[in-house]
Amino acid sequence: MLGRRLYATASRFITSAKPTNGFIGAIGNTPLIRIDSLSKETGCEILGKAEFMNPGGSVKDRAALFVVEDAERKGQIQAGGTVVEGTAGNTGIGLAHVCRAKGYKCVIYMPDTQSQEKIDLLRMLGADVRAVPAVPFDNADNYNHQARRFAESLPNAVWTNQFDNPANRQAHIETTGPEIWAQTQGRIDGFTCATGTAGTFAGTTRFLKEASGGRVRAFAADPPGSVIYSFVKSRGAELLRGGSSITEGIGQGRITANLQPDVHLIDDALKIPDEKTIAMLYRLLDEEGIYLGASSALNVAAAVEMARVLGPGNTIVTIMCDGAYRYQSRLFSRSWLESKQLVDAIPPHLHKYIALD
């Protein structure tokens, strides 16, 4: 009797009574969180998909699983093989987890500009990490091209090619989009997030557009230094980039194969400066207790901007890609923030969270 009463009391916290099938079975079905302070501020429902709650800690777990299983279906890799990828971090972490679960070796090429936390975690997960100088995509020494060449030099190896592999986009057509639609019961008016590979943005947008008969509006969010904003605003006539950003893993210098099929579905674009990103990151920690990385904070800032464009009464969904744990030595360091001239962008009452020298 007591057990039944306790279960009844606890039932509101229980979403599934069934165990998942290993690490892979735990990917996806992340919560959709109402951001209370921003919803009140805008008069809209501002909802964040809590992708930091995936077992590998980011939205990229989804793409990692789909690109590996796509390679398996195509016979591109067999037992004991090697998965090679060029990644700014989170896809590599997802791949390292999936490779451990499936018994593959994992080699990651990444720009040497990425956070030490990401590099250390990849190595702890058993990945062979090769940090190389950050150069543009049209340079033969770009980390993606180096990854491709290395995979081609090995037997039983596959370059998963996250930027131009449609299996990345398919992950979000089959999982992220349907989850958002179900969690909002179809009552969603806008979707926004930034693009790197564009798999998350394009795949989720594709599903939501089709499910709503085109009613859901899609805004691409873009950091400084990326061409997506100019591309959308000029209707494909320009690819202008300028400046740089503190965000990692988002922003792009070209239109990837993941984005190309869905360019026509983009309704508008939002340019989010680093000042708004860092201010939102600290606000979310203070007001909501949500500890997010910079790309996630940019997405939430974009959701607020989209709410202002669409007006009160709308429901806006964005992607909270990962937590701040992988970037905390930078994002909460006074000396690093000063080097980026971002201390003054953080409201004075939030400076108490700048905990590192």
# chains A, B, ... in the order shown; residues from 1 in each chain; ligands from 1
>>> closest_atom_pairs(of="segment 80-128 of chain A", to="segment 151-167 of chain A", cutoff="6 Å", atoms="only C-alpha atoms", output="JSON lines")
{"residue": "A:Gly81", "atom": "CA", "partner": "A:Asn156", "partner_atom": "CA", "distance": 5.0}
{"residue": "A:Thr82", "atom": "CA", "partner": "A:Ala157", "partner_atom": "CA", "distance": 4.5}
{"residue": "A:Val83", "atom": "CA", "partner": "A:Val158", "partner_atom": "CA", "distance": 5.2}
{"residue": "A:Val84", "atom": "CA", "partner": "A:Trp159", "partner_atom": "CA", "distance": 4.7}
{"residue": "A:Glu85", "atom": "CA", "partner": "A:Trp159", "partner_atom": "CA", "distance": 5.6}
>>> write_last_selection(atoms="N, CA, C and O atoms", output="PDB file, in the first residue's frame")
ATOM      1  N   GLY A  81      36.648  -1.977 -37.718  1.00  0.00           N
ATOM      2  CA  GLY A  81      37.078  -0.906 -38.607  1.00  0.00           C
ATOM      3  C   GLY A  81      37.311   0.418 -37.902  1.00  0.00           C
ATOM      4  O   GLY A  81      37.196   0.533 -36.674  1.00  0.00           O
ATOM      5  N   THR A  82      37.640   1.425 -38.711  1.00  0.00           N
ATOM      6  CA  THR A  82      37.991   2.751 -38.184  1.00  0.00           C
ATOM      7  C   THR A  82      37.050   3.811 -38.749  1.00  0.00           C
ATOM      8  O   THR A  82      36.843   3.882 -39.962  1.00  0.00           O
ATOM      9  N   VAL A  83      36.510   4.612 -37.872  1.00  0.00           N
ATOM     10  CA  VAL A  83      35.676   5.758 -38.244  1.00  0.00           C
ATOM     11  C   VAL A  83      36.544   7.013 -38.145  1.00  0.00           C
ATOM     12  O   VAL A  83      37.183   7.260 -37.116  1.00  0.00           O
ATOM     13  N   VAL A  84      36.576   7.801 -39.218  1.00  0.00           N
ATOM     14  CA  VAL A  84      37.383   9.023 -39.261  1.00  0.00           C
ATOM     15  C   VAL A  84      36.455  10.198 -39.536  1.00  0.00           C
ATOM     16  O   VAL A  84      35.573  10.119 -40.399  1.00  0.00           O
ATOM     17  N   GLU A  85      36.648  11.291 -38.825  1.00  0.00           N
ATOM     18  CA  GLU A  85      35.811  12.474 -39.049  1.00  0.00           C
ATOM     19  C   GLU A  85      36.602  13.738 -38.784  1.00  0.00           C
ATOM     20  O   GLU A  85      37.531  13.758 -37.976  1.00  0.00           O
TER      21      GLU A  85
END
>>> residues_around(residues="Gly48 of chain A", least_positions_apart="5", cutoff="9 Å", atoms="only C-alpha atoms", output="ChimeraX atom specification")
/A:31-35,299-300,303,316-320
>>> closest_residue(among="A:Asn139, A:Thr192, A:Thr200, A:Gln170", to="Phe219 of chain A", atoms="only C-alpha atoms")
A:Thr192
>>> residues_around(residues="Ala96 of chain A", least_positions_apart="4", cutoff="8 Å", atoms="only C-alpha atoms", output="ChimeraX atom specification")
/A:92,100,106,122,125-127
>>> residues_around(residues="Asp141 of chain A", least_positions_apart="5", cutoff="12 Å", atoms="only C-alpha atoms", output="VMD selection string")
chain A and resid 86 109 to 111 131 to 136 146 to 150
>>> write_last_selection(atoms="C-alpha atoms", output="PDB file, in the first residue's frame")
ATOM      1  CA  GLY A  86      36.695  16.141 -39.219  1.00  0.00           C
ATOM      2  CA  TYR A 109      40.782  15.660 -37.029  1.00  0.00           C
ATOM      3  CA  MET A 110      39.864  19.014 -35.547  1.00  0.00           C
ATOM      4  CA  PRO A 111      40.931  22.680 -35.728  1.00  0.00           C
ATOM      5  CA  ALA A 131      44.501  18.877 -33.876  1.00  0.00           C
ATOM      6  CA  VAL A 132      45.592  20.734 -37.015  1.00  0.00           C
ATOM      7  CA  PRO A 133      45.851  24.435 -37.946  1.00  0.00           C
ATOM      8  CA  ALA A 134      42.501  26.056 -38.688  1.00  0.00           C
ATOM      9  CA  VAL A 135      42.368  26.970 -42.380  1.00  0.00           C
ATOM     10  CA  PRO A 136      39.427  27.648 -44.752  1.00  0.00           C
ATOM     11  CA  GLN A 146      42.871  15.730 -43.972  1.00  0.00           C
ATOM     12  CA  ALA A 147      40.295  13.407 -42.400  1.00  0.00           C
ATOM     13  CA  ARG A 148      39.113  12.234 -45.833  1.00  0.00           C
ATOM     14  CA  ARG A 149      42.634  11.534 -47.059  1.00  0.00           C
ATOM     15  CA  PHE A 150      43.525   9.593 -43.930  1.00  0.00           C
TER      16      PHE A 150
END
>>> select_by_dssp(residues="segment 138-190 of chain A", states="strand (DSSP E)", output="compact mmCIF listing (two decimals) with N, CA, C and O atoms, in the first residue's frame")
# COMPACT_ATOMS: atom_id res chain seq x y z
N ALA A 157 37.99 1.39 -43.37
CA ALA A 157 37.81 2.69 -42.71
C ALA A 157 36.81 3.52 -43.49
O ALA A 157 36.67 3.37 -44.71
N VAL A 158 36.12 4.41 -42.78
CA VAL A 158 35.15 5.28 -43.44
C VAL A 158 35.31 6.70 -42.91
O VAL A 158 35.51 6.92 -41.70
N TRP A 159 35.29 7.65 -43.82
CA TRP A 159 35.19 9.07 -43.46
C TRP A 159 33.70 9.39 -43.44
O TRP A 159 33.02 9.30 -44.46
N GLY A 190 7.31 28.75 -34.71
CA GLY A 190 8.62 29.10 -35.25
C GLY A 190 9.72 28.19 -34.73
O GLY A 190 9.65 27.70 -33.60
>>> residues_around(residues="Tyr327 of chain A", least_positions_apart="2", cutoff="9 Å", atoms="only C-alpha atoms", output="list in words")
Ser115, Gln116, Glu117, Lys118, Gly293, Ala294, Gly323, Ala324, Tyr325, Ser329, Arg330, Leu331 and Phe332 of chain A
>>> closest_residue(among="A:Val304, A:Ala202, A:Ile228, A:Leu95", to="Glu69 of chain A", atoms="only C-alpha atoms")
A:Leu95
>>> closest_residue(among="A:Pro178, A:Gly289, A:Gly253, A:Gly214", to="Ile266 of chain A", atoms="only C-alpha atoms")
A:Gly214
>>> residues_around(residues="Ala211 of chain A", least_positions_apart="3", cutoff="9 Å", atoms="only C-alpha atoms", output="list in words")
Pro178, Trp181, Gly186, Arg206, Phe207, Leu208, Gly214, Arg215 and Val216 of chain A
>>> closest_residue(among="A:Arg283, A:Lys102, A:Arg169, A:Lys74", to="Lys60 of chain A", atoms="only C-alpha atoms")
A:Arg169
>>> select_by_dssp(residues="segment 141-317 of chain A", states="alpha helix (DSSP H)", output="count of residues only")
69
>>> decode(residues="segment 315-342 of chain A", atoms="N, CA, C and O atoms", output="PDB file, in the first residue's frame")
ATOM      1  N   THR A 315       4.626  30.319 -30.354  1.00  0.00           N
ATOM      2  CA  THR A 315       5.483  29.328 -29.710  1.00  0.00           C
ATOM      3  C   THR A 315       6.730  29.130 -30.561  1.00  0.00           C
ATOM      4  O   THR A 315       6.631  28.768 -31.736  1.00  0.00           O
ATOM      5  N   ILE A 316       7.887  29.397 -29.949  1.00  0.00           N
ATOM      6  CA  ILE A 316       9.171  29.333 -30.645  1.00  0.00           C
ATOM      7  C   ILE A 316      10.015  28.231 -30.006  1.00  0.00           C
ATOM      8  O   ILE A 316      10.167  28.187 -28.787  1.00  0.00           O
ATOM      9  N   VAL A 317      10.578  27.374 -30.840  1.00  0.00           N
ATOM     10  CA  VAL A 317      11.442  26.292 -30.352  1.00  0.00           C
ATOM     11  C   VAL A 317      12.849  26.489 -30.879  1.00  0.00           C
ATOM     12  O   VAL A 317      13.047  26.859 -32.046  1.00  0.00           O
ATOM     13  N   THR A 318      13.817  26.232 -30.018  1.00  0.00           N
ATOM     14  CA  THR A 318      15.216  26.253 -30.435  1.00  0.00           C
ATOM     15  C   THR A 318      15.946  25.049 -29.857  1.00  0.00           C
ATOM     16  O   THR A 318      15.362  24.239 -29.141  1.00  0.00           O
ATOM     17  N   ILE A 319      17.227  24.938 -30.179  1.00  0.00           N
ATOM     18  CA  ILE A 319      18.044  23.792 -29.778  1.00  0.00           C
ATOM     19  C   ILE A 319      19.087  24.236 -28.758  1.00  0.00           C
ATOM     20  O   ILE A 319      19.893  25.131 -29.032  1.00  0.00           O
ATOM     21  N   MET A 320      19.061  23.617 -27.590  1.00  0.00           N
ATOM     22  CA  MET A 320      20.101  23.840 -26.585  1.00  0.00           C
ATOM     23  C   MET A 320      21.112  22.703 -26.756  1.00  0.00           C
ATOM     24  O   MET A 320      20.966  21.624 -26.192  1.00  0.00           O
ATOM     25  N   CYS A 321      22.114  22.967 -27.595  1.00  0.00           N
ATOM     26  CA  CYS A 321      22.986  21.923 -28.150  1.00  0.00           C
ATOM     27  C   CYS A 321      23.800  21.171 -27.109  1.00  0.00           C
ATOM     28  O   CYS A 321      23.906  19.947 -27.157  1.00  0.00           O
ATOM     29  N   ASP A 322      24.420  21.922 -26.204  1.00  0.00           N
ATOM     30  CA  ASP A 322      25.269  21.274 -25.207  1.00  0.00           C
ATOM     31  C   ASP A 322      25.431  22.190 -24.008  1.00  0.00           C
ATOM     32  O   ASP A 322      24.981  23.341 -24.012  1.00  0.00           O
ATOM     33  N   GLY A 323      26.053  21.667 -22.954  1.00  0.00           N
ATOM     34  CA  GLY A 323      26.273  22.442 -21.746  1.00  0.00           C
ATOM     35  C   GLY A 323      27.589  23.195 -21.790  1.00  0.00           C
ATOM     36  O   GLY A 323      28.405  23.035 -22.707  1.00  0.00           O
ATOM     37  N   ALA A 324      27.805  24.019 -20.760  1.00  0.00           N
ATOM     38  CA  ALA A 324      29.011  24.844 -20.701  1.00  0.00           C
ATOM     39  C   ALA A 324      30.225  24.080 -20.200  1.00  0.00           C
ATOM     40  O   ALA A 324      31.341  24.606 -20.244  1.00  0.00           O
ATOM     41  N   TYR A 325      30.044  22.853 -19.754  1.00  0.00           N
ATOM     42  CA  TYR A 325      31.158  22.096 -19.168  1.00  0.00           C
ATOM     43  C   TYR A 325      32.349  21.984 -20.119  1.00  0.00           C
ATOM     44  O   TYR A 325      33.490  21.912 -19.675  1.00  0.00           O
ATOM     45  N   ARG A 326      32.068  21.942 -21.427  1.00  0.00           N
ATOM     46  CA  ARG A 326      33.140  21.758 -22.404  1.00  0.00           C
ATOM     47  C   ARG A 326      33.847  23.062 -22.760  1.00  0.00           C
ATOM     48  O   ARG A 326      34.780  23.060 -23.569  1.00  0.00           O
ATOM     49  N   TYR A 327      33.408  24.171 -22.161  1.00  0.00           N
ATOM     50  CA  TYR A 327      33.966  25.478 -22.511  1.00  0.00           C
ATOM     51  C   TYR A 327      34.222  26.347 -21.276  1.00  0.00           C
ATOM     52  O   TYR A 327      34.572  27.510 -21.409  1.00  0.00           O
ATOM     53  N   GLN A 328      34.011  25.796 -20.090  1.00  0.00           N
ATOM     54  CA  GLN A 328      33.977  26.637 -18.894  1.00  0.00           C
ATOM     55  C   GLN A 328      35.296  27.351 -18.619  1.00  0.00           C
ATOM     56  O   GLN A 328      35.297  28.459 -18.065  1.00  0.00           O
ATOM     57  N   SER A 329      36.429  26.774 -19.035  1.00  0.00           N
ATOM     58  CA  SER A 329      37.714  27.432 -18.777  1.00  0.00           C
ATOM     59  C   SER A 329      37.839  28.731 -19.562  1.00  0.00           C
ATOM     60  O   SER A 329      38.669  29.585 -19.220  1.00  0.00           O
ATOM     61  N   ARG A 330      37.022  28.898 -20.606  1.00  0.00           N
ATOM     62  CA  ARG A 330      37.006  30.144 -21.359  1.00  0.00           C
ATOM     63  C   ARG A 330      35.842  31.040 -20.939  1.00  0.00           C
ATOM     64  O   ARG A 330      36.025  32.209 -20.588  1.00  0.00           O
ATOM     65  N   LEU A 331      34.641  30.474 -20.987  1.00  0.00           N
ATOM     66  CA  LEU A 331      33.434  31.282 -20.837  1.00  0.00           C
ATOM     67  C   LEU A 331      33.295  31.923 -19.455  1.00  0.00           C
ATOM     68  O   LEU A 331      32.604  32.928 -19.309  1.00  0.00           O
ATOM     69  N   PHE A 332      33.961  31.355 -18.449  1.00  0.00           N
ATOM     70  CA  PHE A 332      33.853  31.888 -17.091  1.00  0.00           C
ATOM     71  C   PHE A 332      35.201  32.399 -16.583  1.00  0.00           C
ATOM     72  O   PHE A 332      35.400  32.549 -15.384  1.00  0.00           O
ATOM     73  N   SER A 333      36.092  32.699 -17.540  1.00  0.00           N
ATOM     74  CA  SER A 333      37.414  33.240 -17.224  1.00  0.00           C
ATOM     75  C   SER A 333      37.441  34.740 -17.501  1.00  0.00           C
ATOM     76  O   SER A 333      37.181  35.170 -18.632  1.00  0.00           O
ATOM     77  N   ARG A 334      37.771  35.516 -16.483  1.00  0.00           N
ATOM     78  CA  ARG A 334      37.806  36.971 -16.666  1.00  0.00           C
ATOM     79  C   ARG A 334      38.854  37.371 -17.706  1.00  0.00           C
ATOM     80  O   ARG A 334      38.600  38.230 -18.557  1.00  0.00           O
ATOM     81  N   SER A 335      40.028  36.757 -17.655  1.00  0.00           N
ATOM     82  CA  SER A 335      41.081  37.145 -18.599  1.00  0.00           C
ATOM     83  C   SER A 335      40.681  36.810 -20.028  1.00  0.00           C
ATOM     84  O   SER A 335      40.953  37.592 -20.957  1.00  0.00           O
ATOM     85  N   TRP A 336      40.010  35.675 -20.232  1.00  0.00           N
ATOM     86  CA  TRP A 336      39.580  35.304 -21.580  1.00  0.00           C
ATOM     87  C   TRP A 336      38.482  36.246 -22.067  1.00  0.00           C
ATOM     88  O   TRP A 336      38.527  36.723 -23.211  1.00  0.00           O
ATOM     89  N   LEU A 337      37.528  36.547 -21.207  1.00  0.00           N
ATOM     90  CA  LEU A 337      36.444  37.464 -21.585  1.00  0.00           C
ATOM     91  C   LEU A 337      37.004  38.846 -21.898  1.00  0.00           C
ATOM     92  O   LEU A 337      36.562  39.511 -22.842  1.00  0.00           O
ATOM     93  N   GLU A 338      37.994  39.280 -21.122  1.00  0.00           N
ATOM     94  CA  GLU A 338      38.621  40.572 -21.396  1.00  0.00           C
ATOM     95  C   GLU A 338      39.343  40.556 -22.732  1.00  0.00           C
ATOM     96  O   GLU A 338      39.296  41.537 -23.487  1.00  0.00           O
ATOM     97  N   SER A 339      39.978  39.419 -23.066  1.00  0.00           N
ATOM     98  CA  SER A 339      40.689  39.330 -24.346  1.00  0.00           C
ATOM     99  C   SER A 339      39.737  39.416 -25.529  1.00  0.00           C
ATOM    100  O   SER A 339      40.141  39.821 -26.623  1.00  0.00           O
ATOM    101  N   LYS A 340      38.486  39.033 -25.310  1.00  0.00           N
ATOM    102  CA  LYS A 340      37.452  39.103 -26.355  1.00  0.00           C
ATOM    103  C   LYS A 340      36.601  40.370 -26.232  1.00  0.00           C
ATOM    104  O   LYS A 340      35.632  40.541 -26.991  1.00  0.00           O
ATOM    105  N   GLN A 341      36.936  41.216 -25.273  1.00  0.00           N
ATOM    106  CA  GLN A 341      36.202  42.468 -25.019  1.00  0.00           C
ATOM    107  C   GLN A 341      34.717  42.208 -24.768  1.00  0.00           C
ATOM    108  O   GLN A 341      33.845  42.915 -25.282  1.00  0.00           O
ATOM    109  N   LEU A 342      34.449  41.208 -23.927  1.00  0.00           N
ATOM    110  CA  LEU A 342      33.065  40.814 -23.666  1.00  0.00           C
ATOM    111  C   LEU A 342      32.627  41.003 -22.220  1.00  0.00           C
ATOM    112  O   LEU A 342      31.458  40.781 -21.907  1.00  0.00           O
TER     113      LEU A 342
END
